[in-house]
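With mmCIF, C-alpha atoms inside, this is coords14.cif:
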data_final
loop_
_atom_site.group_PDB
_atom_site.id
_atom_site.type_symbol
_atom_site.label_atom_id
_atom_site.label_comp_id
_atom_site.auth_asym_id
_atom_site.auth_seq_id
_atom_site.Cartn_x
_atom_site.Cartn_y
_atom_site.Cartn_z
ATOM 1 C CA MET A 18 120.782 132.989 110.900
ATOM 2 C CA ASN A 19 122.868 132.619 114.047
ATOM 3 C CA ALA A 20 124.335 136.106 113.605
ATOM 4 C CA MET A 21 120.857 137.679 113.523
ATOM 5 C CA SER A 22 119.401 139.191 116.665
ATOM 6 C CA ALA A 23 116.190 137.756 118.090
ATOM 7 C CA ALA A 24 114.195 140.696 116.666
ATOM 8 C CA GLU A 25 115.766 140.223 113.217
ATOM 9 C CA GLN A 26 115.017 136.498 113.299
ATOM 10 C CA SER A 27 111.420 137.224 114.243
ATOM 11 C CA ARG A 28 111.035 139.715 111.379
ATOM 12 C CA TYR A 29 112.757 137.262 109.026
ATOM 13 C CA HIS A 30 110.364 134.429 109.888
ATOM 14 C CA GLU A 31 107.385 136.775 109.554
ATOM 15 C CA ALA A 32 108.649 137.918 106.138
ATOM 16 C CA LEU A 33 109.017 134.298 105.047
ATOM 17 C CA ARG A 34 105.556 133.403 106.293
ATOM 18 C CA THR A 35 103.853 136.355 104.610
ATOM 19 C CA ARG A 36 106.067 136.247 101.491
ATOM 20 C CA GLN A 37 107.385 139.768 101.909
ATOM 21 C CA GLY A 38 110.375 140.698 99.780
ATOM 22 C CA HIS A 39 112.011 143.041 102.283
ATOM 23 C CA LEU A 40 113.321 142.954 105.832
ATOM 24 C CA SER A 41 114.525 145.797 108.047
ATOM 25 C CA PHE A 42 117.727 145.039 109.917
ATOM 26 C CA ASP A 43 118.732 146.431 113.305
ATOM 27 C CA ALA A 44 120.998 149.485 113.269
ATOM 28 C CA ASP A 45 123.662 147.443 115.104
ATOM 29 C CA SER A 46 123.126 144.248 113.078
ATOM 30 C CA LYS A 47 125.898 141.684 113.318
ATOM 31 C CA LEU A 48 125.312 140.595 109.713
ATOM 32 C CA SER A 49 127.784 141.829 107.143
ATOM 33 C CA ALA A 50 126.539 143.809 104.155
ATOM 34 C CA GLU A 51 127.078 140.726 102.000
ATOM 35 C CA ASP A 52 125.024 138.527 104.344
ATOM 36 C CA ARG A 53 122.230 141.113 104.492
ATOM 37 C CA GLY A 54 122.222 141.170 100.696
ATOM 38 C CA LYS A 55 121.915 137.377 100.600
ATOM 39 C CA VAL A 56 118.997 137.451 103.052
ATOM 40 C CA LEU A 57 117.220 140.144 101.031
ATOM 41 C CA LEU A 58 117.864 138.254 97.788
ATOM 42 C CA LEU A 59 116.405 135.081 99.300
ATOM 43 C CA LEU A 60 113.331 136.948 100.536
ATOM 44 C CA SER A 61 112.799 138.607 97.157
ATOM 45 C CA ILE A 62 113.016 135.243 95.395
ATOM 46 C CA LEU A 63 110.591 133.611 97.812
ATOM 47 C CA ALA A 64 108.228 136.595 97.661
ATOM 48 C CA VAL A 65 107.497 135.869 94.001
ATOM 49 C CA GLU A 66 104.484 133.579 93.952
ATOM 50 C CA PRO A 67 105.353 130.349 92.138
ATOM 51 C CA ALA A 68 103.334 129.669 89.002
ATOM 52 C CA LYS A 69 101.651 126.351 88.501
ATOM 53 C CA ALA A 70 103.381 124.082 86.066
ATOM 54 C CA ALA A 71 102.167 124.209 82.506
ATOM 55 C CA PRO A 72 99.985 121.303 81.428
ATOM 56 C CA GLU A 73 101.470 118.487 79.344
ATOM 57 C CA GLY A 74 100.109 119.940 76.127
ATOM 58 C CA GLY A 75 101.850 123.273 76.740
ATOM 59 C CA GLY A 76 99.959 126.468 77.371
ATOM 60 C CA ASN A 77 100.578 129.257 79.821
ATOM 61 C CA PRO A 78 101.160 128.482 83.491
ATOM 62 C CA THR A 79 98.380 129.680 85.779
ATOM 63 C CA PRO A 80 99.543 132.078 88.500
ATOM 64 C CA VAL A 81 98.239 131.483 92.017
ATOM 65 C CA ALA A 82 96.018 134.228 93.439
ATOM 66 C CA ARG A 83 97.676 136.815 95.684
ATOM 67 C CA GLY A 84 96.238 139.485 97.903
ATOM 68 C CA PRO A 85 92.753 139.496 99.379
ATOM 69 C CA ARG A 86 90.400 136.874 98.053
ATOM 70 C CA LYS A 87 86.631 136.724 98.124
ATOM 71 C CA LEU A 88 84.776 133.732 96.786
ATOM 72 C CA SER A 89 82.150 134.583 94.211
ATOM 73 C CA VAL A 90 78.458 134.055 94.885
ATOM 74 C CA PHE A 91 78.494 131.070 92.539
ATOM 75 C CA GLU A 92 81.468 129.465 94.286
ATOM 76 C CA LEU A 93 79.765 129.990 97.645
ATOM 77 C CA ALA A 94 76.524 128.446 96.376
ATOM 78 C CA ARG A 95 78.316 125.391 94.964
ATOM 79 C CA LEU A 96 80.326 125.023 98.169
ATOM 80 C CA LYS A 97 77.186 125.218 100.312
ATOM 81 C CA ARG A 98 75.417 122.620 98.167
ATOM 82 C CA ASP A 99 78.368 120.227 98.273
ATOM 83 C CA ILE A 100 78.889 120.618 102.037
ATOM 84 C CA GLN A 101 75.200 119.942 102.694
ATOM 85 C CA ALA A 102 75.424 116.825 100.517
ATOM 86 C CA ALA A 103 78.507 115.577 102.389
ATOM 87 C CA THR A 104 77.393 116.244 105.997
ATOM 88 C CA THR A 105 74.388 116.608 108.236
ATOM 89 C CA SER A 106 72.369 119.797 108.103
ATOM 90 C CA ALA A 107 73.283 120.607 111.721
ATOM 91 C CA THR A 108 77.038 120.796 111.060
ATOM 92 C CA ALA A 109 76.864 122.322 107.558
ATOM 93 C CA PRO A 110 76.746 126.039 108.561
ATOM 94 C CA GLU A 111 79.812 125.779 110.823
ATOM 95 C CA LEU A 112 81.736 123.756 108.228
ATOM 96 C CA MET A 113 80.811 126.315 105.577
ATOM 97 C CA ARG A 114 82.153 129.126 107.788
ATOM 98 C CA GLN A 115 85.405 127.248 108.429
ATOM 99 C CA VAL A 116 85.967 126.327 104.786
ATOM 100 C CA VAL A 117 85.274 129.859 103.554
ATOM 101 C CA TRP A 118 87.730 131.288 106.099
ATOM 102 C CA SER A 119 90.356 128.735 105.135
ATOM 103 C CA ILE A 120 89.982 129.526 101.420
ATOM 104 C CA GLU A 121 89.817 133.311 101.773
ATOM 105 C CA GLU A 122 92.279 133.912 104.605
ATOM 106 C CA GLY A 123 93.767 130.598 105.765
ATOM 107 C CA SER A 124 95.963 127.815 104.512
ATOM 108 C CA LEU A 125 93.877 127.051 101.405
ATOM 109 C CA LYS A 126 94.388 130.598 100.115
ATOM 110 C CA ARG A 127 97.481 129.521 98.205
ATOM 111 C CA PHE A 128 95.396 127.366 95.871
ATOM 112 C CA THR A 129 93.008 128.506 93.175
ATOM 113 C CA PRO A 130 89.436 128.766 94.530
ATOM 114 C CA VAL A 131 88.181 125.670 92.683
ATOM 115 C CA HIS A 132 91.158 123.577 93.780
ATOM 116 C CA ALA A 133 90.829 124.802 97.387
ATOM 117 C CA ILE A 134 87.122 123.900 97.421
ATOM 118 C CA HIS A 135 87.891 120.411 96.126
ATOM 119 C CA ILE A 136 90.585 119.927 98.785
ATOM 120 C CA ALA A 137 88.221 121.002 101.576
ATOM 121 C CA LEU A 138 85.350 118.838 100.311
ATOM 122 C CA LYS A 139 87.587 115.789 100.054
ATOM 123 C CA LYS A 140 88.755 116.276 103.646
ATOM 124 C CA ILE A 141 85.132 116.676 104.800
ATOM 125 C CA ARG A 142 84.018 113.517 102.977
ATOM 126 C CA GLU A 143 86.906 111.528 104.459
ATOM 127 C CA GLY A 144 86.270 112.881 107.960
ATOM 128 C CA ALA A 145 89.717 114.485 108.062
ATOM 129 C CA TRP A 146 88.573 118.142 108.194
ATOM 130 C CA THR A 147 89.515 119.996 111.371
ATOM 131 C CA ARG A 148 88.852 123.575 112.379
ATOM 132 C CA PRO A 149 91.597 125.863 110.963
ATOM 133 C CA ASN A 150 94.237 126.698 113.578
ATOM 134 C CA ARG A 151 94.338 130.492 113.406
ATOM 135 C CA MET A 152 90.663 131.021 112.620
ATOM 136 C CA PRO A 153 89.110 133.630 114.923
ATOM 137 C CA PRO A 154 86.302 132.096 117.002
ATOM 138 C CA ASN A 155 83.729 134.686 115.967
ATOM 139 C CA TRP A 156 84.793 135.217 112.336
ATOM 140 C CA ALA A 157 81.997 136.006 109.922
ATOM 141 C CA ARG A 158 82.435 136.864 106.274
ATOM 142 C CA ALA A 159 81.397 140.378 105.305
ATOM 143 C CA MET A 160 79.059 139.787 102.389
ATOM 144 C CA SER A 161 79.377 143.285 100.946
ATOM 145 C CA ALA A 162 81.254 146.513 101.442
ATOM 146 C CA PRO A 163 80.002 148.949 104.134
ATOM 147 C CA ALA A 164 79.410 151.654 101.492
ATOM 148 C CA VAL A 165 77.032 149.348 99.628
ATOM 149 C CA LEU A 166 75.163 148.526 102.835
ATOM 150 C CA GLU A 167 74.828 152.218 103.697
ATOM 151 C CA THR A 168 73.442 152.949 100.223
ATOM 152 C CA CYS A 169 70.885 150.171 100.615
ATOM 153 C CA ARG A 170 69.742 151.516 103.994
ATOM 154 C CA ARG A 171 69.112 154.993 102.606
ATOM 155 C CA ALA A 172 66.966 153.755 99.737
#

Rewritten as structure tokens:
Amino acid sequence: MNAMSAAEQSRYHEALRTRQGHLSFDADSKLSAEDRGKVLLLLSILAVEPAKAAPEGGGNPTPVARGPRKLSVFELARLKRDIQAATTSATAPELMRQVVWSIEEGSLKRFTPVHAIHIALKKIREGAWTRPNRMPPNWARAMSAPAVLETCRRA
């Protein structure tokens, strides 16, 4: 790491954070070919999403979701019901927005949707839920694709 330039270190940390399997090195990189190979090997290993451990009785491990995630209508309805049961009606809409962002784009994305919902609800019940750090202040979930909306307007 010490032999990497500041730009290479920045790209390396970004690749680790986003689980990318590749990194572009500077043309005048101070890393040897062997060291670059080790860095790329490490990134490719870490880029593979770990599977959940198989249950005690055997069975196939469940892979964690990758890529964009959208909660289903049923998951959203259950989440809304459970948030309203756990909090006051005045704070429920904002909590719902925060939890949905966290599950679809934030730190809870790494868990399966059901597990992420349970984590968020437990934190809300215990009073430990805080607004997600990188959540945009005016984020709103797009409920359907623009093409679908345009089709509905024409009809």

Taking all atoms listed in the file into account, which of A:Ser106, A:Ser61, A:Ser124, A:Asn150 comes nearest A:Ala32?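 Distance minimum relative to A:Ala32 lands on A:Ser61.
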
Pick from A:Ser89, A:Thr105, A:Gln115, A:Thr35: nearest to A:Arg142, with only C-alpha atoms counted?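 Looking at the shortest contact to A:Arg142, the residue is A:Thr105.
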
How would you write, as a VMD selection string, the residues chosen by the PyMOL selection byres ((chain A and resi 138) around 12) on this structure? chain A and resid 95 to 104 109 112 to 113 115 to 117 120 125 131 to 137 139 to 147

A:Arg28, A:Glu121, A:His39, A:Gly54 ranked by distance to A:Trp156, top pick (using only C-alpha atoms): A:Glu121

Just want the 9 Å neighbourhood of A:Met152, counted on all atoms listed in the file, with same-chain residues fewer than 2 positions away dropped. Output as an MDAnalysis selection string. chainID A and resid 115 118:119 122:123 148:150 154:156

Box for stretch 114-127 of chain A - axis-aligned, 6 Å on each of the six sides, all listed atoms - centre and size in Å to one decimal, as AutoDock Vina command-line options.
--center_x 89.8 --center_y 130.1 --center_z 103.3 --size_x 27.3 --size_y 19.6 --size_z 22.2

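Rounded to one decimal, atom CA of A:Arg53 and atom CA of A:Met21 lie 9.8 Å from each other.
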
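In this comparison, which uses all atoms listed in the file, the residue of A:Lys126, A:Arg158, A:Arg36, A:Arg114 approaching A:Leu63 most closely is A:Arg36.
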
Provide the atom CA of A:Val56 to atom CA of A:Arg151 distance in Å, to one decimal place. 27.6 Å

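Applied to the file shown here, the PyMOL selection byres ((chain A and resi 20) around 12) selects Met18, Asn19, Met21, Ser22, Ala23, Ala24, Glu25, Gln26, Phe42, Asp43, Asp45, Ser46, Lys47, Leu48, Ser49, Asp52, Arg53 and Val56 of chain A.
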
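Taking atom CA of A:Ile62 as the reference point, atom CA of A:Leu88 is found at 28.3 Å.
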